[in-house]
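With compact mmCIF, C-alpha atoms and all ligand atoms inside, this is upload-v6.txt:
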```txt
# COMPACT_ATOMS: atom_id res chain seq x y z
CA MET A 10 -26.69 -7.41 1.90
CA MET A 11 -23.76 -5.38 3.20
CA LYS A 12 -22.35 -2.95 0.65
CA VAL A 13 -18.61 -2.44 1.03
CA LEU A 14 -16.80 0.27 -0.89
CA ILE A 15 -13.08 -0.38 -1.39
CA THR A 16 -11.18 2.58 -2.85
CA GLY A 17 -7.93 2.06 -4.77
CA GLY A 18 -8.86 -1.56 -5.39
CA ALA A 19 -7.03 -1.70 -8.74
CA GLY A 20 -3.70 -0.89 -7.07
CA PHE A 21 -1.20 -3.17 -5.42
CA ILE A 22 -2.60 -3.74 -1.92
CA GLY A 23 -6.17 -2.83 -2.91
CA SER A 24 -6.38 -5.60 -5.52
CA HIS A 25 -5.45 -8.22 -2.90
CA VAL A 26 -8.04 -6.81 -0.49
CA VAL A 27 -10.76 -6.76 -3.16
CA ARG A 28 -9.99 -10.37 -4.15
CA LEU A 29 -10.05 -11.53 -0.52
CA PHE A 30 -13.41 -9.87 0.18
CA VAL A 31 -15.04 -11.00 -3.08
CA ASN A 32 -13.95 -14.62 -2.51
CA ARG A 33 -14.47 -14.85 1.25
CA TYR A 34 -17.75 -12.94 1.52
CA PRO A 35 -20.13 -13.92 -1.28
CA ASP A 36 -22.98 -12.28 0.65
CA TYR A 37 -21.29 -8.84 0.57
CA GLU A 38 -21.63 -6.53 -2.41
CA VAL A 39 -18.07 -5.35 -3.05
CA PHE A 40 -17.55 -2.09 -4.96
CA ASN A 41 -14.09 -1.09 -6.18
CA LEU A 42 -13.71 2.64 -6.82
CA ASP A 43 -10.50 3.52 -8.63
CA ALA A 44 -9.34 6.32 -10.94
CA LEU A 45 -6.93 3.95 -12.73
CA THR A 46 -3.91 6.24 -12.41
CA TYR A 47 -0.49 4.91 -13.50
CA ALA A 48 -0.63 2.65 -10.41
CA GLY A 49 -4.11 1.23 -10.98
CA ASN A 50 -4.49 -1.73 -13.30
CA LEU A 51 -7.59 -3.85 -13.93
CA GLU A 52 -5.32 -6.67 -15.08
CA ASN A 53 -4.68 -7.17 -11.34
CA LEU A 54 -8.29 -8.35 -10.95
CA GLY A 55 -8.89 -10.39 -14.11
CA ASP A 56 -9.78 -13.53 -12.12
CA ILE A 57 -12.68 -11.93 -10.23
CA GLU A 58 -13.99 -9.30 -12.65
CA ASP A 59 -17.08 -11.37 -13.49
CA ALA A 60 -17.95 -12.34 -9.91
CA SER A 61 -21.61 -11.63 -9.14
CA ASN A 62 -20.80 -9.78 -5.90
CA TYR A 63 -18.25 -7.42 -7.51
CA THR A 64 -18.69 -4.06 -9.25
CA PHE A 65 -15.95 -1.80 -10.59
CA LEU A 66 -16.59 1.94 -10.51
CA LYS A 67 -14.15 4.19 -12.35
CA GLY A 68 -13.99 7.43 -10.40
CA ASP A 69 -11.72 10.01 -8.85
CA ILE A 70 -11.88 10.65 -5.10
CA ASN A 71 -10.76 14.22 -5.79
CA ASN A 72 -14.12 14.92 -7.41
CA ALA A 73 -16.43 15.68 -4.46
CA LEU A 74 -19.63 15.82 -6.52
CA GLU A 75 -18.93 12.50 -8.17
CA ILE A 76 -18.17 10.91 -4.78
CA ASP A 77 -21.35 12.30 -3.18
CA ASP A 78 -23.41 10.96 -6.09
CA LEU A 79 -21.86 7.50 -5.81
CA PHE A 80 -22.59 7.33 -2.07
CA LYS A 81 -26.22 8.41 -2.67
CA LYS A 82 -26.68 6.01 -5.56
CA HIS A 83 -25.15 2.89 -4.01
CA GLN A 84 -25.79 3.49 -0.28
CA PHE A 85 -22.49 1.99 0.91
CA ASP A 86 -22.51 0.66 4.49
CA LYS A 87 -18.76 0.46 5.01
CA VAL A 88 -15.66 1.88 3.37
CA ILE A 89 -12.11 0.52 3.16
CA HIS A 90 -10.05 3.44 1.90
CA LEU A 91 -6.81 2.56 0.12
CA ALA A 92 -6.80 4.98 -2.85
CA ALA A 93 -3.71 7.17 -2.60
CA GLU A 94 -0.61 8.47 -4.23
CA SER A 95 1.78 6.03 -2.61
CA HIS A 96 5.38 6.55 -3.74
CA VAL A 97 7.81 8.66 -1.69
CA ASP A 98 10.05 9.57 -4.66
CA ARG A 99 7.06 10.92 -6.62
CA SER A 100 5.98 12.93 -3.56
CA ILE A 101 9.35 14.67 -3.58
CA SER A 102 8.91 15.85 -7.17
CA ASP A 103 5.14 16.59 -7.02
CA PRO A 104 3.96 17.08 -3.41
CA LEU A 105 0.72 18.81 -4.35
CA ALA A 106 -0.60 15.70 -6.12
CA PHE A 107 -0.28 13.95 -2.74
CA VAL A 108 -2.22 16.67 -0.93
CA ARG A 109 -4.99 16.45 -3.53
CA THR A 110 -5.55 12.71 -3.44
CA ASN A 111 -4.39 11.75 0.03
CA VAL A 112 -5.78 14.71 1.98
CA ILE A 113 -8.61 16.28 -0.06
CA GLY A 114 -9.63 12.92 -1.58
CA THR A 115 -9.90 11.42 1.91
CA MET A 116 -11.91 14.47 3.05
CA ASN A 117 -14.32 13.99 0.14
CA LEU A 118 -14.92 10.39 1.18
CA LEU A 119 -15.31 11.34 4.85
CA ASN A 120 -17.84 14.04 3.97
CA ALA A 121 -19.83 11.74 1.70
CA ALA A 122 -19.89 9.00 4.37
CA LYS A 123 -20.87 11.43 7.14
CA GLU A 124 -23.67 12.87 5.01
CA LEU A 125 -25.06 9.45 4.07
CA TRP A 126 -24.77 7.92 7.55
CA LYS A 127 -25.49 10.96 9.76
CA ASP A 128 -28.91 9.81 11.00
CA ASN A 129 -27.63 6.46 12.20
CA PHE A 130 -23.99 5.44 12.48
CA LYS A 131 -24.90 1.93 13.66
CA ASN A 132 -23.18 -0.80 11.59
CA LYS A 133 -21.29 1.80 9.57
CA LEU A 134 -17.49 1.99 9.31
CA PHE A 135 -14.83 4.13 7.67
CA TYR A 136 -11.66 2.02 7.63
CA HIS A 137 -8.64 4.09 6.65
CA ILE A 138 -5.48 2.32 5.44
CA SER A 139 -2.29 4.10 6.38
CA THR A 140 1.43 3.67 6.79
CA ASP A 141 4.04 3.46 9.55
CA GLU A 142 5.86 6.31 7.76
CA VAL A 143 3.62 8.81 9.62
CA TYR A 144 5.76 8.14 12.73
CA GLY A 145 8.92 9.47 11.07
CA THR A 146 12.18 7.71 11.62
CA LEU A 147 13.68 5.46 14.31
CA GLY A 148 17.28 5.32 15.48
CA GLU A 149 19.15 2.04 15.89
CA THR A 150 16.70 0.69 18.45
CA GLY A 151 13.03 0.89 19.40
CA LEU A 152 9.77 0.17 17.59
CA PHE A 153 6.75 2.22 16.52
CA ASN A 154 3.61 1.45 18.51
CA GLU A 155 0.10 2.92 18.38
CA ASN A 156 1.07 5.66 20.87
CA THR A 157 4.17 6.86 19.02
CA ALA A 158 3.86 10.57 18.16
CA TYR A 159 3.38 11.47 14.51
CA ASP A 160 6.53 13.00 13.00
CA PRO A 161 6.34 12.64 9.19
CA ASN A 162 9.36 13.62 7.10
CA SER A 163 8.39 13.16 3.43
CA PRO A 164 5.55 14.87 1.55
CA TYR A 165 4.02 11.37 1.18
CA SER A 166 4.08 10.63 4.90
CA ALA A 167 2.94 14.18 5.74
CA SER A 168 -0.09 13.73 3.47
CA LYS A 169 -0.90 10.33 5.00
CA ALA A 170 -0.46 11.76 8.53
CA SER A 171 -2.84 14.57 7.65
CA SER A 172 -5.46 12.16 6.35
CA ASP A 173 -5.13 10.00 9.50
CA HIS A 174 -5.73 13.11 11.63
CA PHE A 175 -8.85 14.02 9.65
CA VAL A 176 -10.27 10.53 10.01
CA ARG A 177 -9.72 10.63 13.77
CA ALA A 178 -11.11 14.19 13.94
CA TYR A 179 -14.31 13.06 12.18
CA GLY A 180 -14.63 10.33 14.79
CA GLU A 181 -14.19 12.77 17.67
CA THR A 182 -16.21 15.64 16.21
CA TYR A 183 -19.05 13.91 14.35
CA ASP A 184 -18.92 10.46 15.96
CA LEU A 185 -18.09 8.82 12.61
CA PRO A 186 -17.11 5.20 13.34
CA TYR A 187 -13.59 4.59 12.06
CA VAL A 188 -10.64 2.22 12.27
CA ILE A 189 -7.13 3.17 11.12
CA SER A 190 -4.30 0.76 10.50
CA ASN A 191 -0.68 1.76 9.93
CA CYS A 192 1.35 -0.86 8.12
CA SER A 193 5.01 -1.35 7.29
CA ASN A 194 6.46 -1.81 3.76
CA ASN A 195 4.51 -4.33 1.69
CA TYR A 196 5.88 -6.52 -1.07
CA GLY A 197 4.33 -9.20 -3.28
CA PRO A 198 2.63 -9.80 -6.64
CA ASN A 199 1.18 -6.84 -8.57
CA GLN A 200 3.37 -4.13 -7.00
CA PHE A 201 4.24 -1.38 -9.45
CA PRO A 202 7.97 -1.49 -10.34
CA GLU A 203 8.85 1.86 -8.80
CA LYS A 204 9.10 0.49 -5.24
CA LEU A 205 12.35 -1.21 -4.22
CA ILE A 206 11.57 -4.93 -4.60
CA PRO A 207 9.65 -5.00 -7.93
CA LEU A 208 11.91 -2.32 -9.43
CA PHE A 209 14.97 -4.40 -8.65
CA ILE A 210 13.37 -7.66 -9.83
CA ASN A 211 12.56 -5.98 -13.15
CA ASN A 212 16.05 -4.48 -13.44
CA ILE A 213 17.72 -7.81 -12.69
CA ILE A 214 15.61 -9.51 -15.38
CA GLN A 215 16.75 -6.82 -17.81
CA ASN A 216 20.36 -6.70 -16.60
CA LYS A 217 19.95 -3.05 -15.64
CA GLN A 218 21.72 -1.28 -12.77
CA LEU A 219 20.26 -1.56 -9.26
CA PRO A 220 20.20 2.02 -7.90
CA VAL A 221 20.75 1.85 -4.12
CA TYR A 222 20.24 5.20 -2.38
CA GLY A 223 23.03 6.50 -0.12
CA ASP A 224 25.01 3.85 1.76
CA GLY A 225 22.22 1.24 1.51
CA LYS A 226 22.08 0.95 5.30
CA TYR A 227 18.50 2.16 5.58
CA THR A 228 16.19 -0.29 7.32
CA ARG A 229 12.62 -1.28 6.51
CA ASP A 230 10.24 -3.85 7.99
CA TRP A 231 8.78 -5.93 5.13
CA LEU A 232 5.38 -7.65 5.08
CA TYR A 233 3.91 -9.95 2.42
CA VAL A 234 0.91 -8.19 0.89
CA ILE A 235 -1.53 -11.07 1.45
CA ASP A 236 -0.72 -11.01 5.17
CA HIS A 237 -1.60 -7.30 5.13
CA ALA A 238 -4.90 -8.08 3.38
CA ILE A 239 -5.69 -10.72 6.03
CA ALA A 240 -4.93 -8.20 8.80
CA ILE A 241 -7.25 -5.69 7.10
CA ASP A 242 -10.01 -8.31 6.97
CA LEU A 243 -9.60 -8.95 10.72
CA ALA A 244 -9.49 -5.28 11.72
CA PHE A 245 -12.49 -4.56 9.47
CA HIS A 246 -14.61 -7.24 11.14
CA GLN A 247 -13.27 -7.33 14.69
CA GLY A 248 -11.30 -4.13 15.21
CA LYS A 249 -12.43 -1.80 17.98
CA THR A 250 -14.17 1.26 16.56
CA LYS A 251 -12.26 4.55 16.90
CA SER A 252 -8.95 2.79 17.31
CA THR A 253 -5.66 2.27 15.51
CA TYR A 254 -3.74 -0.93 14.75
CA ASN A 255 -0.10 -1.17 13.74
CA ILE A 256 0.66 -3.97 11.28
CA GLY A 257 4.19 -5.20 10.58
CA GLY A 258 6.22 -8.18 9.54
CA PHE A 259 8.59 -8.51 12.54
CA ASN A 260 11.05 -8.54 9.66
CA GLU A 261 13.69 -5.80 9.49
CA TRP A 262 16.21 -5.65 6.68
CA GLN A 263 18.88 -3.17 5.73
CA ASN A 264 18.30 -2.34 2.05
CA ILE A 265 21.70 -3.60 0.94
CA ASP A 266 21.26 -7.00 2.64
CA LEU A 267 17.80 -7.37 1.14
CA VAL A 268 19.10 -6.47 -2.33
CA LYS A 269 21.92 -9.02 -2.02
CA LEU A 270 19.43 -11.74 -1.00
CA LEU A 271 17.22 -10.82 -3.95
CA CYS A 272 20.21 -11.00 -6.30
CA LYS A 273 21.16 -14.43 -4.97
CA ILE A 274 17.66 -15.89 -5.46
CA MET A 275 17.31 -14.29 -8.91
CA ASP A 276 20.68 -15.66 -10.08
CA LYS A 277 19.46 -19.17 -9.24
CA LYS A 278 16.06 -18.68 -10.88
CA LEU A 279 17.58 -17.18 -14.01
CA ASP A 280 20.42 -19.71 -14.22
CA ARG A 281 22.99 -16.98 -13.95
CA ALA A 282 26.46 -17.32 -12.46
CA GLU A 283 26.67 -16.76 -8.70
CA GLY A 284 27.26 -13.04 -8.04
CA ALA A 285 26.13 -11.95 -11.52
CA SER A 286 23.24 -9.77 -10.31
CA GLU A 287 25.19 -8.30 -7.38
CA GLY A 288 27.45 -6.78 -10.00
CA LEU A 289 24.51 -4.58 -11.04
CA ILE A 290 24.36 -2.81 -7.65
CA THR A 291 25.13 0.89 -8.04
CA TYR A 292 25.15 3.35 -5.16
CA ILE A 293 23.46 6.60 -6.14
CA LYS A 294 22.76 10.00 -4.56
CA ASP A 295 20.61 9.63 -1.45
CA ARG A 296 16.90 10.38 -1.38
CA PRO A 297 16.34 13.75 0.37
CA GLY A 298 14.80 13.38 3.83
CA HIS A 299 15.44 9.62 3.72
CA ASP A 300 14.10 7.98 6.90
CA LYS A 301 16.78 5.82 8.48
CA ARG A 302 14.73 3.05 10.00
CA TYR A 303 11.12 1.86 10.27
CA ALA A 304 10.09 -1.00 12.55
CA ILE A 305 6.67 -1.90 13.87
CA ASP A 306 5.54 -3.29 17.18
CA ALA A 307 2.53 -5.32 15.99
CA SER A 308 1.71 -6.80 19.39
CA LYS A 309 -1.68 -5.02 19.74
CA ILE A 310 -3.20 -6.61 16.61
CA ASN A 311 -1.54 -9.88 17.58
CA LYS A 312 -3.06 -9.88 21.09
CA GLU A 313 -6.46 -8.37 20.28
CA LEU A 314 -7.18 -9.99 16.94
CA GLY A 315 -4.80 -12.96 16.88
CA TRP A 316 -3.03 -11.80 13.71
CA LYS A 317 0.50 -12.70 12.75
CA PRO A 318 2.26 -13.03 9.39
CA SER A 319 1.67 -16.41 7.73
CA VAL A 320 4.77 -16.59 5.54
CA THR A 321 8.44 -16.01 6.26
CA PHE A 322 10.33 -13.36 4.29
CA GLU A 323 12.21 -16.01 2.32
CA GLN A 324 8.92 -17.73 1.36
CA GLY A 325 7.22 -14.43 0.47
CA LEU A 326 10.17 -13.21 -1.57
CA GLU A 327 10.31 -16.47 -3.50
CA LYS A 328 6.56 -16.33 -4.25
CA THR A 329 6.97 -12.73 -5.36
CA ILE A 330 9.91 -13.42 -7.67
CA ASP A 331 8.10 -16.42 -9.16
CA TRP A 332 5.04 -14.25 -9.83
CA TYR A 333 7.09 -11.59 -11.66
CA LEU A 334 8.93 -14.21 -13.69
CA LYS A 335 5.62 -15.84 -14.65
CA ASN A 336 3.95 -12.53 -15.46
CA GLU A 337 6.46 -10.84 -17.72
CA ASP A 338 3.59 -9.53 -19.86
CA TRP A 339 2.18 -7.68 -16.85
CA LEU A 340 5.61 -6.15 -16.27
CA LYS A 341 6.00 -5.25 -19.94
CA ASN A 342 2.55 -3.60 -20.04
CA VAL A 343 3.12 -1.47 -16.94
CA THR A 344 6.65 -0.45 -17.91
CA SER A 345 5.82 0.75 -21.41
CA GLY A 346 4.93 4.36 -22.24
CA LYS A 347 4.90 6.79 -19.31
CA TYR A 348 7.03 4.52 -17.12
CA GLN A 349 10.04 5.22 -19.36
CA GLU A 350 9.65 8.98 -18.76
CA TYR A 351 9.46 8.41 -14.99
CA TYR A 352 12.49 6.11 -14.99
CA THR A 353 14.62 8.52 -17.01
CA LYS A 354 13.69 11.46 -14.79
CA GLN A 355 14.24 9.55 -11.54
CA TYR A 356 17.39 7.56 -12.30
CA ILE A 357 19.07 8.79 -15.47
CA ALA A 358 18.52 12.54 -15.94
CA ASN A 359 19.66 13.48 -12.38
P1 LIG B 1 -0.74 1.86 -5.27
O1 LIG B 1 -0.07 3.13 -5.69
O2 LIG B 1 -0.29 0.56 -5.82
O3 LIG B 1 -2.31 1.95 -5.60
C1 LIG B 1 -3.06 3.10 -5.38
C2 LIG B 1 -4.40 2.93 -6.08
O4 LIG B 1 -5.17 4.11 -5.85
C3 LIG B 1 -4.27 2.79 -7.60
O5 LIG B 1 -5.12 1.77 -8.07
C4 LIG B 1 -4.72 4.15 -8.13
O6 LIG B 1 -5.31 4.08 -9.42
C5 LIG B 1 -5.73 4.56 -7.07
N1 LIG B 1 -5.86 6.02 -7.00
C6 LIG B 1 -4.86 6.94 -6.92
N2 LIG B 1 -5.39 8.18 -6.92
C7 LIG B 1 -6.74 8.04 -6.97
C8 LIG B 1 -7.84 8.96 -6.99
N3 LIG B 1 -7.62 10.28 -6.96
N4 LIG B 1 -9.09 8.46 -7.01
C9 LIG B 1 -9.31 7.11 -7.05
N5 LIG B 1 -8.32 6.21 -7.06
C10 LIG B 1 -7.05 6.66 -7.02
O7 LIG B 1 -0.70 1.89 -3.68
P2 LIG B 1 -0.55 0.69 -2.63
O8 LIG B 1 0.88 0.43 -2.41
O9 LIG B 1 -1.45 -0.41 -3.03
O10 LIG B 1 -1.11 1.39 -1.32
C11 LIG B 1 -2.49 1.36 -1.00
C12 LIG B 1 -2.72 2.09 0.31
O11 LIG B 1 -1.97 1.47 1.35
C13 LIG B 1 -2.27 3.55 0.29
O12 LIG B 1 -3.20 4.30 1.02
C14 LIG B 1 -0.92 3.53 0.97
O13 LIG B 1 -0.65 4.77 1.59
C15 LIG B 1 -1.12 2.44 1.98
N6 LIG B 1 0.11 1.71 2.38
C16 LIG B 1 0.97 1.21 1.45
C17 LIG B 1 2.09 0.50 1.86
C18 LIG B 1 3.05 -0.10 0.86
O14 LIG B 1 4.09 -0.63 1.26
N7 LIG B 1 2.76 -0.10 -0.44
C19 LIG B 1 2.34 0.30 3.22
C20 LIG B 1 1.43 0.83 4.15
C21 LIG B 1 0.32 1.52 3.72
P1 LIG B 2 10.47 2.26 -1.27
O1 LIG B 2 10.13 0.94 -1.88
O2 LIG B 2 10.38 3.48 -2.14
O3 LIG B 2 9.55 2.39 0.03
P2 LIG B 2 9.57 3.53 1.22
O4 LIG B 2 10.43 4.65 0.83
O5 LIG B 2 8.13 3.92 1.26
O6 LIG B 2 10.05 2.80 2.42
O7 LIG B 2 11.93 2.19 -0.70
C1 LIG B 2 12.32 1.22 0.26
C2 LIG B 2 13.76 1.50 0.63
O8 LIG B 2 14.59 1.27 -0.51
C3 LIG B 2 13.99 2.95 1.05
O9 LIG B 2 14.96 3.00 2.09
C4 LIG B 2 14.56 3.59 -0.21
C5 LIG B 2 15.31 2.45 -0.87
N1 LIG B 2 15.36 2.54 -2.35
C6 LIG B 2 16.59 2.52 -3.01
O10 LIG B 2 17.67 2.43 -2.39
N2 LIG B 2 16.60 2.63 -4.38
C7 LIG B 2 15.44 2.74 -5.10
O11 LIG B 2 15.51 2.86 -6.35
C8 LIG B 2 14.19 2.73 -4.42
C9 LIG B 2 12.89 2.84 -5.17
C10 LIG B 2 14.19 2.62 -3.03
```

Rewrite the coordinates I just gave you, this time as structure tokens.
Ligand code: NAD
Ligand code: TYD
Amino acid sequence: MMKVLITGGAGFIGSHVVRLFVNRYPDYEVFNLDALTYAGNLENLGDIEDASNYTFLKGDINNALEIDDLFKKHQFDKVIHLAAESHVDRSISDPLAFVRTNVIGTMNLLNAAKELWKDNFKNKLFYHISTDEVYGTLGETGLFNENTAYDPNSPYSASKASSDHFVRAYGETYDLPYVISNCSNNYGPNQFPEKLIPLFINNIIQNKQLPVYGDGKYTRDWLYVIDHAIAIDLAFHQGKTKSTYNIGGFNEWQNIDLVKLLCKIMDKKLDRAEGASEGLITYIKDRPGHDKRYAIDASKINKELGWKPSVTFEQGLEKTIDWYLKNEDWLKNVTSGKYQEYYTKQYIAN
């Protein structure tokens, strides 16, 4: 039986990957290792927690001894590494936390895998999940592809770039079999309401201001989270070892246009007057080091593995909004307590 370790499986993307693997591969033993930080939530996995091929392990990838012990005890064959500090705004106020988890935590996993697998790398894999933000920013035109030079601008993207380099270096130096994928902005159910889309959905529900950074003309390429999970499944099973895949939605939006679309759909769903939510838009001081534009050329994964997004942005956004409206308890639980401190510091105190 193949033993697959998924790190960060209680988070946004990780929970969708865990669910997909547990449901699609009953003959795999799926382990979810997660420290349950503010972003990790076992409520995301309630439907599969009792599955016979699933085990949750509470643990911190920053603790090298603990990680070594887990690898020795469970003898994992393959790793899908998603655990990370993932929010750019938090990386601006506490960059060191990002170095600890994203760089040192990744190193601890790489070392444990190398130690366990060193006598025979056959049928072993370290699959590292990364972001398109490592490539820095684009101007008005052009797309990131797998050969674009790394040029990270935020502490978050610098920490992810560093971890990508270490994964590749372990492949070159020790022959550790790896795959890396770099994906564009995800959205969908279970995303913590600090990122643009769930934050704004929550604020619209509560009639709170919608804080748009700068002039709102920053561009992102958005992908529905389940399409990312499907791409990860494909790259895990069929990806070429020691290679990189870019994953994106072929779906660029300027923030302000996206926010206006979100407002329009939410007004309908909430039976509010047309234009009611747009009135909540407030332009605020720009994020420092704000990358102007991200856009992915996903033709390699399309050609090699036959992947393409399965839902349009309008369909994905509608599914996402419906999920948040149906799961107000989830939203209430994650926005109580510490969230209030974060929100005040990020949007009210400054
Ligand atoms: P998230 O913040 O929702 O979840 C991160 C998970 O990692 C949480 O469950 C958290 O508890 C866990 N975690 C954090 N620190 C840990 C530690 N020290 N030890 C063990 N677990 C720890 O993040 P996400 O948006 O789901 O992103 C998952 C991965 O995908 C990250 O590596 C991120 O860089 C990458 N990524 C995210 C996006 C996006 O748009 N969200 C896009 C491309 C790539
Ligand atoms: P975010 O969801 O933080 O993702 P990333 O910075 O990793 O791309 O932000 C997406 C875009 O939305 C980005 O250009 C910043 C902008 N944004 C706002 O204008 N206001 C906000 O409150 C947030 C969280 C983001």

Taking 2 positions as the minimum chain separation for residues in the same chain, which residues sit within 8 Å of stretch 101-113 of chain A when counting only C-alpha atoms? Answer as a list of chain:residue names.
A:Ile70, A:Asn71, A:Ala92, A:Ala93, A:Glu94, A:Val97, A:Asp98, A:Arg99, A:Thr115, A:Met116, A:Asn117, A:Ser163, A:Pro164, A:Tyr165, A:Ser168, A:Lys169, A:Ser171, A:Ser172

Can you sort out the box for ligand LIG 1 (chain B), edges along x, y and z, all listed atoms in, 6 Å on every side, with centre and edge lengths in Å to one decimal, as AutoDock Vina command-line options?
```
--center_x -2.6 --center_y 4.8 --center_z -2.6 --size_x 25.4 --size_y 22.9 --size_z 25.6
```

Within-9 Å shell of (-6.7, 2.4, 7.5) in input frame, all atoms listed in the file, as a PyMOL selection string:
chain A and resi 89-91+135-140+173+187-192+241+253-254

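Residues in contact range of A:Leu79, defined as at most 10 Å between all atoms listed in the file, with sequence neighbours fewer than 3 positions away removed, read Leu42, Leu66, Gly68, Ala73, Leu74, Glu75, Ile76, Lys82, His83, Gln84, Phe85 and Ala121 of chain A.
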
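Around ligand LIG 2 (chain B), the neighbouring residues within 7 Å, taking all atoms listed in the file, come to His96, Val97, Asp98, Asn194, Glu203, Lys204, Leu205, Ile206, Leu208, Pro220, Val221, Tyr222, Gly225, Tyr227, Thr228, Arg229, Asn264, His299 and Asp300 of chain A.
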
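Within the 8 Å cut-off around A:Tyr159, using only C-alpha atoms and omitting residues fewer than 2 positions from it on the same chain, the listed residues are Val143, Tyr144, Gly145, Thr157, Pro161 and Ala170 of chain A.
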
Spatial neighbours of A:Phe259, max dist 9 Å, only C-alpha atoms, sep filter under 5 positions, as a PyMOL selection string
chain A and resi 230-232+304-307+318

Polymer residues at most 10 Å from A:Val343, all atoms listed in the file, same-chain spacing of 4 or more positions, as a count of residues only
12

Point-to-point distance from atom CA of A:Thr182 to atom CA of A:Lys87, Å rounded to tenths
19.0 Å

Could you pull stretch 83-95 of chain A out of the structure just shown and give N, CA, C and O atoms as an mmCIF file, in the first residue's frame?
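Written file, selection25.cif:
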```cif
data_model
loop_
_atom_site.group_PDB
_atom_site.id
_atom_site.type_symbol
_atom_site.label_atom_id
_atom_site.label_comp_id
_atom_site.auth_asym_id
_atom_site.auth_seq_id
_atom_site.Cartn_x
_atom_site.Cartn_y
_atom_site.Cartn_z
ATOM 1 N N HIS A 83 6.286 6.035 10.115
ATOM 2 C CA HIS A 83 5.255 5.704 9.124
ATOM 3 C C HIS A 83 5.803 5.280 7.768
ATOM 4 O O HIS A 83 5.051 4.795 6.926
ATOM 5 N N GLN A 84 7.114 5.503 7.534
ATOM 6 C CA GLN A 84 7.729 5.046 6.268
ATOM 7 C C GLN A 84 6.975 5.549 5.033
ATOM 8 O O GLN A 84 6.562 4.755 4.172
ATOM 9 N N PHE A 85 6.808 6.873 4.951
ATOM 10 C CA PHE A 85 6.090 7.448 3.799
ATOM 11 C C PHE A 85 6.839 7.145 2.503
ATOM 12 O O PHE A 85 8.059 7.171 2.456
ATOM 13 N N ASP A 86 6.090 6.880 1.438
ATOM 14 C CA ASP A 86 6.705 6.663 0.120
ATOM 15 C C ASP A 86 6.797 7.955 -0.673
ATOM 16 O O ASP A 86 7.720 8.173 -1.439
ATOM 17 N N LYS A 87 5.751 8.794 -0.526
ATOM 18 C CA LYS A 87 5.701 10.019 -1.327
ATOM 19 C C LYS A 87 5.178 11.160 -0.460
ATOM 20 O O LYS A 87 4.411 10.918 0.482
ATOM 21 N N VAL A 88 5.594 12.360 -0.806
ATOM 22 C CA VAL A 88 5.186 13.540 -0.041
ATOM 23 C C VAL A 88 4.573 14.564 -0.996
ATOM 24 O O VAL A 88 5.094 14.777 -2.091
ATOM 25 N N ILE A 89 3.446 15.147 -0.586
ATOM 26 C CA ILE A 89 2.928 16.340 -1.290
ATOM 27 C C ILE A 89 2.977 17.457 -0.259
ATOM 28 O O ILE A 89 2.255 17.421 0.745
ATOM 29 N N HIS A 90 3.842 18.429 -0.493
ATOM 30 C CA HIS A 90 4.141 19.425 0.543
ATOM 31 C C HIS A 90 3.416 20.747 0.276
ATOM 32 O O HIS A 90 3.805 21.510 -0.607
ATOM 33 N N LEU A 91 2.364 20.975 1.076
ATOM 34 C CA LEU A 91 1.614 22.234 0.952
ATOM 35 C C LEU A 91 1.734 23.123 2.184
ATOM 36 O O LEU A 91 1.360 24.300 2.117
ATOM 37 N N ALA A 92 2.174 22.578 3.320
ATOM 38 C CA ALA A 92 2.194 23.376 4.559
ATOM 39 C C ALA A 92 3.040 24.623 4.345
ATOM 40 O O ALA A 92 4.156 24.552 3.843
ATOM 41 N N ALA A 93 2.491 25.772 4.710
ATOM 42 C CA ALA A 93 3.229 27.022 4.518
ATOM 43 C C ALA A 93 2.502 28.153 5.235
ATOM 44 O O ALA A 93 1.314 28.053 5.544
ATOM 45 N N GLU A 94 3.240 29.209 5.478
ATOM 46 C CA GLU A 94 2.617 30.505 5.742
ATOM 47 C C GLU A 94 2.315 31.055 4.360
ATOM 48 O O GLU A 94 3.208 31.140 3.506
ATOM 49 N N SER A 95 1.068 31.463 4.118
ATOM 50 C CA SER A 95 0.668 31.685 2.723
ATOM 51 C C SER A 95 0.181 33.100 2.391
ATOM 52 O O SER A 95 -0.153 33.356 1.239
#
```
